[in-house]
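*Asks:* So that we are looking at the same thing, I have put the structure below in structure tokens.
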Amino acid sequence: MYTIPENKKLITPDSGAFQYMGRIDFDDPARPVLVWPASCAETIFTGTSVGVVFKNIKMQDYTSLGYIIDGVQGRIEMGDEYEDTLYMLAEGLEDKEHTLKIFKRLAAAHYVDFGGIVVDENAVCRNPEKKYDYKLEVYGDSVTAGEVTEAIWYEGQCDPAHHSQYDNSHFSYASSLARKLNAELHLMGQGGIALFDGTGYFCSDQLTGMLSCYDKIQYSPYKDRKAWDFSRFTPDAVIIAIGQNDHNPDPERIKTPEYRRKWKDAYIGMLNDLREKHKGAKFVLILTVLGHDKTWDEALDEIVAEVNSPDVTHFTFTRCGCGTNGHPRATEQEEMASELFQYFKTNIIR
């Protein structure tokens, strides 16, 4: 158990000093749990130092937590913190007002039980109370979650050997698009996820699909799952990026009429459920620049035609399915975000 250093104090998560963003578990307001990638807490503090208190709930070996102080990004290499732990993020700062953002870099590799921040004894913390122009919800796989984005010297190439050290949701196209739109973002991206259970790559020993996760706040099959209250966030637009991993374990199934019908019906079922929950929202179906069979893009075209609503469209990137054989790096994610931004400004935001 950590101790608060001399001449410092704890600012608790329920103090009113934080602005939160993302699908976060607030069942205990004093101990919010950050689950999905890019979920974050922001504050403004005075003084010369700042640290973060958390309990790390691990589900794979490597985990890290992101932070941004005065616009400069860093990360904490997390260990086996199954009890509250204090990590000092910065000391010796100029004694003035500073900005701090703590965010989840990774998806279900872990959950973060947030316990607050530690600042100088005489410091003042306040809620930034950012004003957003838009609300955006995004569902997708590893590309959406920002996996391997920091391997920036591998643009257009297969991934280097990695164990999540290059993953960073901050550089995903979804996060970048949200910044361009000045949008409040709920990002539901999970590496390896496909539509159905038993397909894709998420949780290799019990393959779990988006149909089992999209309506959850805590969604890992290795922990108790918890339903999400959709009334807590009503987006103006929803992006769905599912279809990249659905070829596993049978890449040819989507080309058979029976399975294609089954897959499209399930996709439409999830889509229509979200449309019912988010009345008036615009829905954009996509796949990314990561290499894939164009059959999946064709299936999305068919879904849009069958739904037949002006609120549901299919956007295709210039290099969709052929931009890279590895996960898109930060630069390639930015390429996607820029194309989506132009599409939103022209077709979605009126």
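Letters A, B, ... mark the chains of the structure tokens in the order given; residue numbers begin at 1 per chain; ligand numbers begin at 1, in order shown.
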Can you list, as JSON, numbers by chain, all residues belonging to range 139-341 of chain A that DSSP tags as helix (DSSP H, G or I)?

*Replies:* {"A": [142, 143, 144, 145, 152, 153, 154, 169, 170, 171, 173, 174, 175, 176, 177, 178, 179, 180, 181, 210, 211, 212, 230, 231, 232, 253, 254, 255, 257, 258, 259, 260, 261, 262, 263, 264, 265, 266, 267, 268, 269, 270, 271, 272, 273, 274, 275, 276, 277, 295, 296, 297, 298, 299, 300, 301, 302, 303, 304, 305, 306, 307, 330, 331, 332, 333, 334, 335, 336, 337, 338, 339, 340, 341]}

*Asks:* Might you pull out every residue within 7 Å of range 60-64 of chain A, with only C-alpha atoms counted and same-chain residues fewer than 6 positions away left off, and present them as a PyMOL selection string?

*Replies:* chain A and resi 75-78+105+109-110+163-164

*Asks:* Check range 284-331 of chain A with DSSP on the backbone and list each residue it calls strand (DSSP E or B), as a ChimeraX atom specification.

*Replies:* /A:284-285,290,312-314,324

*Asks:* Near Glu83 in chain A, within 9 Å and counting only C-alpha atoms, which residues show up once chain neighbours fewer than 4 positions away are dropped, as a list in words?

*Replies:* Met1, Tyr2, Phe54, Lys55, Asn56 and Ile57 of chain A

*Asks:* Could those residues be written to a file, using C-alpha atoms, as a PDB file, in the first residue's frame?

*Replies:*
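And here's out_10.pdb as it stands now:
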ATOM      1  CA  MET A   1       0.000   0.000   0.000  1.00  0.00           C
ATOM      2  CA  TYR A   2       1.355   3.413  -0.933  1.00  0.00           C
ATOM      3  CA  PHE A  54      -4.206   3.426  -9.325  1.00  0.00           C
ATOM      4  CA  LYS A  55      -4.793  -0.286  -8.956  1.00  0.00           C
ATOM      5  CA  ASN A  56      -3.757  -2.203 -12.073  1.00  0.00           C
ATOM      6  CA  ILE A  57      -6.079  -5.094 -12.936  1.00  0.00           C
TER       7      ILE A  57
END

*Asks:* Could you tell me how far CA of Gln19 in chain A sits from CA of Glu129 in chain A, in Å to one decimal place?

*Replies:*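 According to the coordinates, CA of Glu129 in chain A and CA of Gln19 in chain A are separated by 6.5 Å.
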
*Asks:* Under the rule of at most 9 Å, produce a per-residue listing of range 8-29 of chain A near range 182-189 of chain A: chain, number, name, the closest pair of atoms, and the distance in Å, as JSON lines, using only C-alpha atoms.

*Replies:*
{"residue": "A:Met21", "atom": "CA", "partner": "A:Leu185", "partner_atom": "CA", "distance": 6.8}
{"residue": "A:Gly22", "atom": "CA", "partner": "A:His186", "partner_atom": "CA", "distance": 4.5}
{"residue": "A:Arg23", "atom": "CA", "partner": "A:His186", "partner_atom": "CA", "distance": 5.8}

*Asks:* Applying 9 Å and only C-alpha atoms, which residues near Ser212 in chain A remain after dropping the ones on its own chain fewer than 3 positions away? List them as a count of residues only.

*Replies:* 8

*Asks:* Go through A:Gly71, A:Gly280, A:Gly156, A:Gly66 and flag the residue nearest Thr331 in chain A, using only C-alpha atoms for the distances.

*Replies:*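 Looking only at the distances to Thr331 in chain A, the closest residue turns out to be A:Gly156.
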
*Asks:* Which residue gives the smallest distance to Ile348 in chain A among A:Lys223, A:His278, A:His162, A:His314, with only C-alpha atoms counted?

*Replies:*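 So, comparing all the options, the nearest one is A:His314.
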
*Asks:* Give me the residues near Thr324 in chain A as a list in words, where near means some atom within 10 Å (using only C-alpha atoms) and where sequence neighbours in that chain fewer than 5 positions away do not count.

*Replies:*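 Everything that qualifies: Tyr154, Glu155, Gly156, Gln157, Cys158, Asp159, Thr288, Val289, Leu290, Gly291, His292, Arg319, Arg329 and Glu332 of chain A.
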
*Asks:* Just to confirm, what's the straight-line distance from CA of Val143 in chain A to CA of Ile242 in chain A in Å (one decimal)?

*Replies:* 10.3 Å

*Asks:* At most 7 Å is the cut-off: for each residue in range 279-341 of chain A with any atom that close to an atom of range 166-180 of chain A, write down the nearest atom pair and the distance in Å rounded to one decimal, counting only C-alpha atoms, chain first then increasing number, as CSV.

*Replies:*
residue,atom,partner,partner_atom,distance
A:Ala330,CA,A:Phe171,CA,5.4
A:Gln333,CA,A:Tyr173,CA,4.8
A:Glu334,CA,A:Tyr173,CA,5.9
A:Met336,CA,A:Tyr173,CA,6.0
A:Ala337,CA,A:Tyr173,CA,4.7
A:Phe341,CA,A:Leu177,CA,6.2

*Asks:* Which of these residues is nearest to Arg232 in chain A, using only C-alpha atoms: A:Lys294, A:Arg261, A:Lys255, A:Lys277?

*Replies:*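 Counting only C-alpha atoms, the residue closest to Arg232 in chain A is A:Lys277.
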
*Asks:* Find the distance between CA of Pro37 in chain A and CA of Tyr222 in chain A and write it in Å to one decimal.

*Replies:*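 Separating CA of Pro37 in chain A from CA of Tyr222 in chain A is a distance of 17.2 Å.
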
*Asks:* Would you kindly return, as a list of chain:residue names, each protein, DNA or RNA residue with an atom no farther than 9 Å from any atom of range 303-307 of chain A, considering only C-alpha atoms and excluding same-chain residues fewer than 2 positions away?

*Replies:*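 Everything that qualifies: A:Lys264, A:Asp265, A:Tyr267, A:Ile268, A:Asn272, A:Leu285, A:Glu298, A:Ala299, A:Leu300, A:Asp301, A:Ser309, A:Val312, A:Thr313, A:His314.
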